[in-house]
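Q: This is the structure, below, for whatever I ask next.
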Amino acid sequence: MNEDGNISGQSTDVVNGILERLNMKADIELMPWGDGYNIVLNEPGTALYSTGRTTEREPLFKWVGPIASYETVLYAKADSGIEIDSLEAAKKAESIAVVRDDSRQQFLTENGFENLILCEDDTECIRKLMDGEAVLWFGSSANAEEIAFKAGYDPAALSAVYPVRTVGLYIAFNPAVPDETVLKWQDALDSMKADGTYDTILAEYDLTEPGSAVEYGPETALFALMSYCDGRIASVQRGLETAAVTFEAA
């Protein structure tokens with residue numbers, strides 16, 4: 001939400017660009033992640049962005065994207081002295097703060113983590129980390145500094161101790177949304193990428209095309225490549241055949 005009270009940001013600019021190209025209107029509402037996630041799971045004619053497209057979520061939604069990507073990272077307090085060199089090591093940590101129903105929580109749960117503190121948003125997560133209620137926070141490199149500022153902390157008080165994976169971000173549609181509508185959204189996004197509009201939006205936020213190289217080593221780079229390729233394959237298949245968005249199907 002910007003200073004004028006409007007929903008803004010890179011993903012919102014992309015969504016609004018798609019709506020404009022399709023001559024569609026939508027009610028865009030900013031809400032807690034868990035609320036938006038459950039609405040789009042259950043209500044036809046809705047979509048959620050930005051949504052991490054993961055193996056766990058693949059059958060739950062219909063997908064348009066990628067519209068961005070982010071790296072999931074385990075953070076500790078900078079003065080904690082904590083070192084993590086694997087997911088198995090992270091399982092031995094006393095507690096990890098993570099957002100409820102977020103793809104990060106789903107990933108940890110699927111991988112057998114039982115030491116989770118579930119929070120409503122990342123601001124709550126970082127406050128629990130800094131207050132000592134949690135020893136790790138499973139956050140995102142894309143907005144960790146911004147969240148630290150929002151929570152009232154210097155980002156230098158955070159230390160990235162273990163990069164986990166790169167996740168492609170998509171617009172997730174309720175499965176009852178017609179395939180024709182989803183295809184139109186994907187085609188509009190693809191046209192934005194083809195004519196340079198998408199790159200212009202990324203440049204405004206100092207971002208790069210999803211799937212670009214990251215600095216976290218071969219394992220994370222592989223996740224980035226897999227995410228990008230999955231998005232391109234899905235786009236081709238559809239050609240052949242955050243915020244919550246409610247729209248009238250065209």
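Residue numbers start at 1 in each chain; chains themselves are named A, B, ... in the order of the structure tokens; ligands are numbered from 1 in the order shown.
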Taking 2 positions as the minimum chain separation for residues in the same chain, which residues sit within 12 Å of region 58-64 of chain A when counting only C-alpha atoms? Answer as an mmCIF file with N, CA and C atoms, in the first residue's frame.
A:
```
data_model
loop_
_atom_site.group_PDB
_atom_site.id
_atom_site.type_symbol
_atom_site.label_atom_id
_atom_site.label_comp_id
_atom_site.auth_asym_id
_atom_site.auth_seq_id
_atom_site.Cartn_x
_atom_site.Cartn_y
_atom_site.Cartn_z
ATOM 1 N N VAL A 14 2.174 -5.407 -13.044
ATOM 2 C CA VAL A 14 2.017 -6.437 -14.066
ATOM 3 C C VAL A 14 0.547 -6.835 -14.195
ATOM 4 N N VAL A 15 -0.107 -7.063 -13.079
ATOM 5 C CA VAL A 15 -1.524 -7.460 -13.105
ATOM 6 C C VAL A 15 -2.371 -6.376 -13.757
ATOM 7 N N ILE A 18 -1.936 -6.474 -17.452
ATOM 8 C CA ILE A 18 -2.707 -7.556 -18.075
ATOM 9 C C ILE A 18 -4.173 -7.164 -18.185
ATOM 10 N N TYR A 37 -5.201 -16.565 0.516
ATOM 11 C CA TYR A 37 -4.924 -17.920 0.034
ATOM 12 C C TYR A 37 -6.170 -18.799 0.137
ATOM 13 N N ASN A 38 -6.847 -18.737 1.262
ATOM 14 C CA ASN A 38 -8.024 -19.580 1.464
ATOM 15 C C ASN A 38 -9.223 -19.111 0.648
ATOM 16 N N ILE A 39 -9.331 -17.813 0.405
ATOM 17 C CA ILE A 39 -10.404 -17.318 -0.457
ATOM 18 C C ILE A 39 -10.254 -17.888 -1.862
ATOM 19 N N VAL A 40 -9.032 -17.817 -2.401
ATOM 20 C CA VAL A 40 -8.825 -18.248 -3.780
ATOM 21 C C VAL A 40 -8.890 -19.762 -3.902
ATOM 22 N N LEU A 41 -8.596 -20.473 -2.843
ATOM 23 C CA LEU A 41 -8.784 -21.919 -2.860
ATOM 24 C C LEU A 41 -10.255 -22.290 -3.015
ATOM 25 N N ASN A 42 -11.150 -21.442 -2.492
ATOM 26 C CA ASN A 42 -12.548 -21.851 -2.354
ATOM 27 C C ASN A 42 -13.556 -21.052 -3.161
ATOM 28 N N GLU A 43 -13.195 -19.866 -3.657
ATOM 29 C CA GLU A 43 -14.181 -19.022 -4.328
ATOM 30 C C GLU A 43 -13.884 -18.905 -5.818
ATOM 31 N N PRO A 44 -14.798 -19.343 -6.682
ATOM 32 C CA PRO A 44 -14.626 -19.173 -8.130
ATOM 33 C C PRO A 44 -14.491 -17.693 -8.489
ATOM 34 N N GLY A 45 -13.810 -17.418 -9.601
ATOM 35 C CA GLY A 45 -13.684 -16.044 -10.061
ATOM 36 C C GLY A 45 -12.686 -15.226 -9.283
ATOM 37 N N THR A 46 -11.730 -15.890 -8.622
ATOM 38 C CA THR A 46 -10.724 -15.176 -7.845
ATOM 39 C C THR A 46 -9.326 -15.631 -8.246
ATOM 40 N N ALA A 47 -8.355 -14.777 -7.933
ATOM 41 C CA ALA A 47 -6.951 -15.097 -8.163
ATOM 42 C C ALA A 47 -6.117 -14.456 -7.074
ATOM 43 N N LEU A 48 -4.915 -14.970 -6.887
ATOM 44 C CA LEU A 48 -4.031 -14.517 -5.808
ATOM 45 C C LEU A 48 -2.648 -14.251 -6.369
ATOM 46 N N TYR A 49 -2.086 -13.104 -6.005
ATOM 47 C CA TYR A 49 -0.710 -12.808 -6.416
ATOM 48 C C TYR A 49 0.000 -12.064 -5.294
ATOM 49 N N SER A 50 1.315 -12.179 -5.190
ATOM 50 C CA SER A 50 2.139 -13.098 -5.982
ATOM 51 C C SER A 50 2.237 -14.421 -5.240
ATOM 52 N N THR A 51 2.045 -15.513 -5.943
ATOM 53 C CA THR A 51 1.963 -16.828 -5.332
ATOM 54 C C THR A 51 3.120 -17.698 -5.797
ATOM 55 N N GLY A 52 3.869 -18.249 -4.851
ATOM 56 C CA GLY A 52 4.949 -19.153 -5.208
ATOM 57 C C GLY A 52 4.392 -20.427 -5.821
ATOM 58 N N ARG A 53 4.855 -20.767 -7.019
ATOM 59 C CA ARG A 53 4.407 -21.990 -7.683
ATOM 60 C C ARG A 53 5.329 -23.128 -7.264
ATOM 61 N N THR A 54 4.826 -23.984 -6.416
ATOM 62 C CA THR A 54 5.618 -25.078 -5.870
ATOM 63 C C THR A 54 4.960 -26.414 -6.195
ATOM 64 N N THR A 55 5.710 -27.478 -6.004
ATOM 65 C CA THR A 55 5.175 -28.817 -6.231
ATOM 66 C C THR A 55 3.949 -29.059 -5.372
ATOM 67 N N GLU A 56 3.997 -28.563 -4.129
ATOM 68 C CA GLU A 56 2.892 -28.787 -3.205
ATOM 69 C C GLU A 56 1.604 -28.111 -3.679
ATOM 70 N N PRO A 66 5.801 -16.880 -15.232
ATOM 71 C CA PRO A 66 6.115 -16.214 -13.963
ATOM 72 C C PRO A 66 6.083 -14.698 -14.086
ATOM 73 N N ILE A 67 5.720 -14.034 -12.973
ATOM 74 C CA ILE A 67 5.717 -12.579 -12.940
ATOM 75 C C ILE A 67 6.883 -12.043 -12.118
ATOM 76 N N ALA A 68 7.550 -12.912 -11.365
ATOM 77 C CA ALA A 68 8.716 -12.529 -10.573
ATOM 78 C C ALA A 68 9.309 -13.809 -9.994
ATOM 79 N N SER A 103 4.127 -20.519 1.018
ATOM 80 C CA SER A 103 4.833 -21.640 0.388
ATOM 81 C C SER A 103 6.045 -22.065 1.199
ATOM 82 N N GLY A 168 9.547 -19.424 -8.322
ATOM 83 C CA GLY A 168 8.893 -18.568 -9.290
ATOM 84 C C GLY A 168 7.571 -18.072 -8.742
ATOM 85 N N LEU A 169 7.281 -16.797 -8.954
ATOM 86 C CA LEU A 169 6.033 -16.201 -8.483
ATOM 87 C C LEU A 169 5.049 -16.073 -9.639
ATOM 88 N N TYR A 170 3.818 -16.466 -9.391
ATOM 89 C CA TYR A 170 2.771 -16.538 -10.407
ATOM 90 C C TYR A 170 1.490 -15.880 -9.900
ATOM 91 N N ILE A 171 0.554 -15.708 -10.809
ATOM 92 C CA ILE A 171 -0.830 -15.395 -10.453
ATOM 93 C C ILE A 171 -1.551 -16.728 -10.363
ATOM 94 N N ALA A 172 -2.105 -17.040 -9.194
ATOM 95 C CA ALA A 172 -2.775 -18.323 -8.969
ATOM 96 C C ALA A 172 -4.282 -18.126 -9.055
ATOM 97 N N PHE A 173 -4.931 -18.881 -9.950
ATOM 98 C CA PHE A 173 -6.371 -18.763 -10.169
ATOM 99 C C PHE A 173 -7.112 -19.924 -9.511
ATOM 100 N N ASN A 174 -8.280 -19.625 -8.968
ATOM 101 C CA ASN A 174 -9.157 -20.687 -8.502
ATOM 102 C C ASN A 174 -9.378 -21.670 -9.649
ATOM 103 N N PRO A 175 -9.360 -22.982 -9.384
ATOM 104 C CA PRO A 175 -9.455 -23.969 -10.473
ATOM 105 C C PRO A 175 -10.749 -23.916 -11.267
ATOM 106 N N ALA A 176 -11.780 -23.239 -10.747
ATOM 107 C CA ALA A 176 -13.038 -23.132 -11.492
ATOM 108 C C ALA A 176 -12.984 -22.055 -12.573
ATOM 109 N N VAL A 177 -11.941 -21.220 -12.538
ATOM 110 C CA VAL A 177 -11.802 -20.205 -13.587
ATOM 111 C C VAL A 177 -11.599 -20.915 -14.925
ATOM 112 N N PRO A 178 -12.341 -20.533 -15.973
ATOM 113 C CA PRO A 178 -12.226 -21.230 -17.255
ATOM 114 C C PRO A 178 -10.807 -21.191 -17.814
ATOM 115 N N ASP A 179 -10.399 -22.295 -18.447
ATOM 116 C CA ASP A 179 -9.077 -22.354 -19.071
ATOM 117 C C ASP A 179 -8.892 -21.230 -20.084
ATOM 118 N N GLU A 180 -9.982 -20.868 -20.775
ATOM 119 C CA GLU A 180 -9.903 -19.807 -21.774
ATOM 120 C C GLU A 180 -9.465 -18.489 -21.144
ATOM 121 N N THR A 181 -9.986 -18.208 -19.950
ATOM 122 C CA THR A 181 -9.617 -16.976 -19.257
ATOM 123 C C THR A 181 -8.158 -17.008 -18.838
ATOM 124 N N VAL A 182 -7.735 -18.141 -18.286
ATOM 125 C CA VAL A 182 -6.337 -18.281 -17.853
ATOM 126 C C VAL A 182 -5.398 -18.126 -19.047
ATOM 127 N N LEU A 183 -5.771 -18.713 -20.181
ATOM 128 C CA LEU A 183 -4.953 -18.608 -21.386
ATOM 129 C C LEU A 183 -4.849 -17.159 -21.850
ATOM 130 N N LYS A 184 -5.952 -16.407 -21.780
ATOM 131 C CA LYS A 184 -5.923 -15.002 -22.181
ATOM 132 C C LYS A 184 -4.971 -14.206 -21.292
ATOM 133 N N TRP A 185 -4.990 -14.489 -19.984
ATOM 134 C CA TRP A 185 -4.083 -13.801 -19.069
ATOM 135 C C TRP A 185 -2.631 -14.142 -19.398
ATOM 136 N N GLN A 186 -2.366 -15.419 -19.668
ATOM 137 C CA GLN A 186 -0.993 -15.814 -19.987
ATOM 138 C C GLN A 186 -0.539 -15.161 -21.296
ATOM 139 N N ASP A 187 -1.418 -15.130 -22.285
ATOM 140 C CA ASP A 187 -1.071 -14.510 -23.559
ATOM 141 C C ASP A 187 -0.783 -13.018 -23.384
ATOM 142 N N ALA A 188 -1.582 -12.354 -22.542
ATOM 143 C CA ALA A 188 -1.362 -10.925 -22.298
ATOM 144 C C ALA A 188 -0.019 -10.700 -21.612
ATOM 145 N N LEU A 189 0.317 -11.559 -20.639
ATOM 146 C CA LEU A 189 1.617 -11.452 -19.974
ATOM 147 C C LEU A 189 2.750 -11.698 -20.964
ATOM 148 N N ASP A 190 2.601 -12.724 -21.782
ATOM 149 C CA ASP A 190 3.635 -13.030 -22.770
ATOM 150 C C ASP A 190 3.833 -11.863 -23.741
ATOM 151 N N ASP A 230 9.851 -24.354 -15.876
ATOM 152 C CA ASP A 230 8.473 -24.776 -15.616
ATOM 153 C C ASP A 230 7.489 -23.743 -16.149
ATOM 154 N N GLY A 231 7.818 -22.466 -15.943
ATOM 155 C CA GLY A 231 6.925 -21.412 -16.407
ATOM 156 C C GLY A 231 6.816 -21.375 -17.916
ATOM 157 N N ARG A 232 7.940 -21.533 -18.612
ATOM 158 C CA ARG A 232 7.903 -21.506 -20.067
ATOM 159 C C ARG A 232 7.154 -22.714 -20.621
ATOM 160 N N ILE A 233 7.368 -23.900 -20.030
ATOM 161 C CA ILE A 233 6.672 -25.098 -20.497
ATOM 162 C C ILE A 233 5.166 -24.949 -20.303
ATOM 163 N N ALA A 234 4.774 -24.414 -19.137
ATOM 164 C CA ALA A 234 3.344 -24.226 -18.867
ATOM 165 C C ALA A 234 2.723 -23.272 -19.871
ATOM 166 N N SER A 235 3.480 -22.252 -20.240
ATOM 167 C CA SER A 235 2.971 -21.289 -21.218
ATOM 168 C C SER A 235 2.723 -21.959 -22.567
ATOM 169 N N VAL A 236 3.663 -22.787 -23.010
ATOM 170 C CA VAL A 236 3.513 -23.484 -24.285
ATOM 171 C C VAL A 236 2.321 -24.438 -24.237
ATOM 172 N N GLN A 237 2.185 -25.152 -23.123
ATOM 173 C CA GLN A 237 1.075 -26.089 -22.990
ATOM 174 C C GLN A 237 -0.260 -25.376 -23.096
ATOM 175 N N ARG A 238 -0.363 -24.214 -22.470
ATOM 176 C CA ARG A 238 -1.628 -23.469 -22.532
ATOM 177 C C ARG A 238 -1.881 -22.952 -23.933
ATOM 178 N N GLY A 239 -0.793 -22.657 -24.673
ATOM 179 C CA GLY A 239 -0.967 -22.209 -26.046
ATOM 180 C C GLY A 239 -1.549 -23.297 -26.909
#
```
Q: Quick one: everything within 12 Å of Asp154 (chain A), counting only C-alpha atoms, minus sequence neighbours fewer than 5 positions away in the same chain. Send it as a PDB file with C-alpha atoms, in the first residue's frame.
A:
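Written out: result19.pdb:
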```
ATOM      1  CA  LYS A  77      20.089 -12.368  14.331  1.00  0.00           C
ATOM      2  CA  ALA A  78      23.425 -11.018  13.155  1.00  0.00           C
ATOM      3  CA  ILE A 126      10.977 -10.842  12.245  1.00  0.00           C
ATOM      4  CA  ARG A 127       9.746  -9.387  15.520  1.00  0.00           C
ATOM      5  CA  MET A 130      14.532 -10.154  17.170  1.00  0.00           C
ATOM      6  CA  ALA A 144      13.914  -8.884   3.965  1.00  0.00           C
ATOM      7  CA  GLU A 145      15.361  -5.372   4.272  1.00  0.00           C
ATOM      8  CA  GLU A 146      11.983  -3.724   3.701  1.00  0.00           C
ATOM      9  CA  ILE A 147      10.336  -5.943   6.312  1.00  0.00           C
ATOM     10  CA  ALA A 148      13.098  -5.177   8.814  1.00  0.00           C
ATOM     11  CA  PHE A 149      12.515  -1.447   8.364  1.00  0.00           C
ATOM     12  CA  SER A 159      22.196 -12.415   8.969  1.00  0.00           C
TER      13      SER A 159
END
```
Q: As a PyMOL selection string, please: every residue in region 17-124 of chain A that DSSP puts in strand (DSSP E).
A: chain A and resi 26-29+46-52+62-77+96-99+116-119
Q: Please indicate the distance in Å from CA of Asp122 (chain A) to CA of Thr109 (chain A), rounded to one decimal place.
A: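 Separation of CA of Asp122 (chain A) and CA of Thr109 (chain A): 17.4 Å.
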Q: Where in region 60-241 of chain A does DSSP assign alpha helix (DSSP H), given as number ranges by chain?
A: A: 87-91, 103-110, 122-131, 144-151, 179-194, 197-204, 218-240
Q: Measuring between only C-alpha atoms, which one of A:Leu116, A:Leu87, A:Ala26, A:Leu108 shows the shortest distance to Thr12 (chain A)?
A: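 Answer, going by the shortest atom-to-atom distance: A:Ala26.
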Q: Contacts of Pro163 (chain A) at 9 Å or less, counting only C-alpha atoms, minus same-chain residues fewer than 3 places along, as a list in words?
A: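 Here the qualifying residues turn out to be Glu71, Thr72, Val73, Leu74, Tyr75, Ser141, Ala160, Thr166, Tyr216 and Thr220 of chain A.
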Q: Of the candidates A:Tyr198, A:Tyr70, A:Tyr205, A:Phe113, which shows the shortest atom-to-atom distance to Val164 (chain A), using only C-alpha atoms?
A: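 Nearest candidate to Val164 (chain A) out of A:Tyr198, A:Tyr70, A:Tyr205, A:Phe113: A:Tyr70.
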Q: Quick one: distance from CA of Lys92 (chain A) to CA of Asn115 (chain A) in Å, one decimal?
A: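 These atoms are spaced 8.1 Å apart.
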Q: Neighbouring residues of Ile82 (chain A) were defined as those with any atom within 9 Å, considering only C-alpha atoms; residues of the same chain fewer than 2 positions away were excluded. Please report them as a PDB file with all heavy atoms, in the first residue's frame.
A:
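For reference, selection36.pdb as written:
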```pdb
ATOM      1  N   ALA A  76      19.027 -15.376  10.713  1.00  0.00           N
ATOM      2  CA  ALA A  76      19.213 -15.359  12.161  1.00  0.00           C
ATOM      3  C   ALA A  76      19.585 -13.934  12.572  1.00  0.00           C
ATOM      4  O   ALA A  76      19.864 -13.079  11.714  1.00  0.00           O
ATOM      5  CB  ALA A  76      20.316 -16.328  12.575  1.00  0.00           C
ATOM      6  N   LYS A  77      19.576 -13.653  13.861  1.00  0.00           N
ATOM      7  CA  LYS A  77      20.089 -12.368  14.331  1.00  0.00           C
ATOM      8  C   LYS A  77      21.577 -12.311  14.029  1.00  0.00           C
ATOM      9  O   LYS A  77      22.306 -13.306  14.171  1.00  0.00           O
ATOM     10  CB  LYS A  77      19.829 -12.208  15.822  1.00  0.00           C
ATOM     11  CG  LYS A  77      18.356 -12.086  16.174  1.00  0.00           C
ATOM     12  CD  LYS A  77      18.127 -12.068  17.670  1.00  0.00           C
ATOM     13  CE  LYS A  77      18.677 -10.812  18.316  1.00  0.00           C
ATOM     14  NZ  LYS A  77      18.294 -10.717  19.749  1.00  0.00           N
ATOM     15  N   ALA A  78      22.045 -11.148  13.604  1.00  0.00           N
ATOM     16  CA  ALA A  78      23.425 -11.018  13.155  1.00  0.00           C
ATOM     17  C   ALA A  78      24.434 -11.371  14.246  1.00  0.00           C
ATOM     18  O   ALA A  78      25.538 -11.835  13.956  1.00  0.00           O
ATOM     19  CB  ALA A  78      23.673  -9.596  12.649  1.00  0.00           C
ATOM     20  N   ASP A  79      24.060 -11.174  15.509  1.00  0.00           N
ATOM     21  CA  ASP A  79      24.997 -11.441  16.600  1.00  0.00           C
ATOM     22  C   ASP A  79      24.765 -12.800  17.252  1.00  0.00           C
ATOM     23  O   ASP A  79      25.303 -13.086  18.319  1.00  0.00           O
ATOM     24  CB  ASP A  79      24.893 -10.347  17.667  1.00  0.00           C
ATOM     25  CG  ASP A  79      23.483 -10.216  18.256  1.00  0.00           C
ATOM     26  OD1 ASP A  79      22.576 -10.966  17.818  1.00  0.00           O
ATOM     27  OD2 ASP A  79      23.278  -9.369  19.142  1.00  0.00           O
ATOM     28  N   SER A  80      23.987 -13.667  16.594  1.00  0.00           N
ATOM     29  CA  SER A  80      23.629 -14.945  17.212  1.00  0.00           C
ATOM     30  C   SER A  80      24.739 -15.981  17.124  1.00  0.00           C
ATOM     31  O   SER A  80      24.786 -16.921  17.926  1.00  0.00           O
ATOM     32  CB  SER A  80      22.365 -15.516  16.550  1.00  0.00           C
ATOM     33  OG  SER A  80      22.635 -15.895  15.202  1.00  0.00           O
ATOM     34  N   ILE A  84      24.184 -22.495   9.719  1.00  0.00           N
ATOM     35  CA  ILE A  84      23.370 -23.580   9.175  1.00  0.00           C
ATOM     36  C   ILE A  84      23.979 -23.993   7.839  1.00  0.00           C
ATOM     37  O   ILE A  84      24.221 -23.156   6.972  1.00  0.00           O
ATOM     38  CB  ILE A  84      21.901 -23.138   8.962  1.00  0.00           C
ATOM     39  CG1 ILE A  84      21.271 -22.683  10.277  1.00  0.00           C
ATOM     40  CG2 ILE A  84      21.088 -24.262   8.329  1.00  0.00           C
ATOM     41  CD1 ILE A  84      21.055 -23.781  11.277  1.00  0.00           C
ATOM     42  N   VAL A 135      14.586 -18.508  16.820  1.00  0.00           N
ATOM     43  CA  VAL A 135      16.024 -18.378  16.576  1.00  0.00           C
ATOM     44  C   VAL A 135      16.329 -18.240  15.089  1.00  0.00           C
ATOM     45  O   VAL A 135      17.418 -17.803  14.711  1.00  0.00           O
ATOM     46  CB  VAL A 135      16.810 -19.566  17.169  1.00  0.00           C
ATOM     47  CG1 VAL A 135      16.621 -19.632  18.674  1.00  0.00           C
ATOM     48  CG2 VAL A 135      16.396 -20.882  16.525  1.00  0.00           C
ATOM     49  N   LEU A 136      15.361 -18.605  14.221  1.00  0.00           N
ATOM     50  CA  LEU A 136      15.504 -18.440  12.788  1.00  0.00           C
ATOM     51  C   LEU A 136      14.214 -17.880  12.211  1.00  0.00           C
ATOM     52  O   LEU A 136      13.130 -18.087  12.767  1.00  0.00           O
ATOM     53  CB  LEU A 136      15.830 -19.778  12.101  1.00  0.00           C
ATOM     54  CG  LEU A 136      17.178 -20.436  12.398  1.00  0.00           C
ATOM     55  CD1 LEU A 136      17.216 -21.824  11.765  1.00  0.00           C
ATOM     56  CD2 LEU A 136      18.332 -19.581  11.890  1.00  0.00           C
ATOM     57  N   VAL A 161      21.760 -16.958   6.873  1.00  0.00           N
ATOM     58  CA  VAL A 161      22.614 -18.080   7.263  1.00  0.00           C
ATOM     59  C   VAL A 161      22.515 -19.282   6.339  1.00  0.00           C
ATOM     60  O   VAL A 161      23.417 -20.125   6.321  1.00  0.00           O
ATOM     61  CB  VAL A 161      22.316 -18.520   8.721  1.00  0.00           C
ATOM     62  CG1 VAL A 161      22.677 -17.414   9.693  1.00  0.00           C
ATOM     63  CG2 VAL A 161      20.857 -18.926   8.891  1.00  0.00           C
TER      64      VAL A 161
END
```
Q: CA of Ala142 (chain A) and CA of Asn16 (chain A), how far apart in Å?
A: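 These atoms are spaced 21.0 Å apart.
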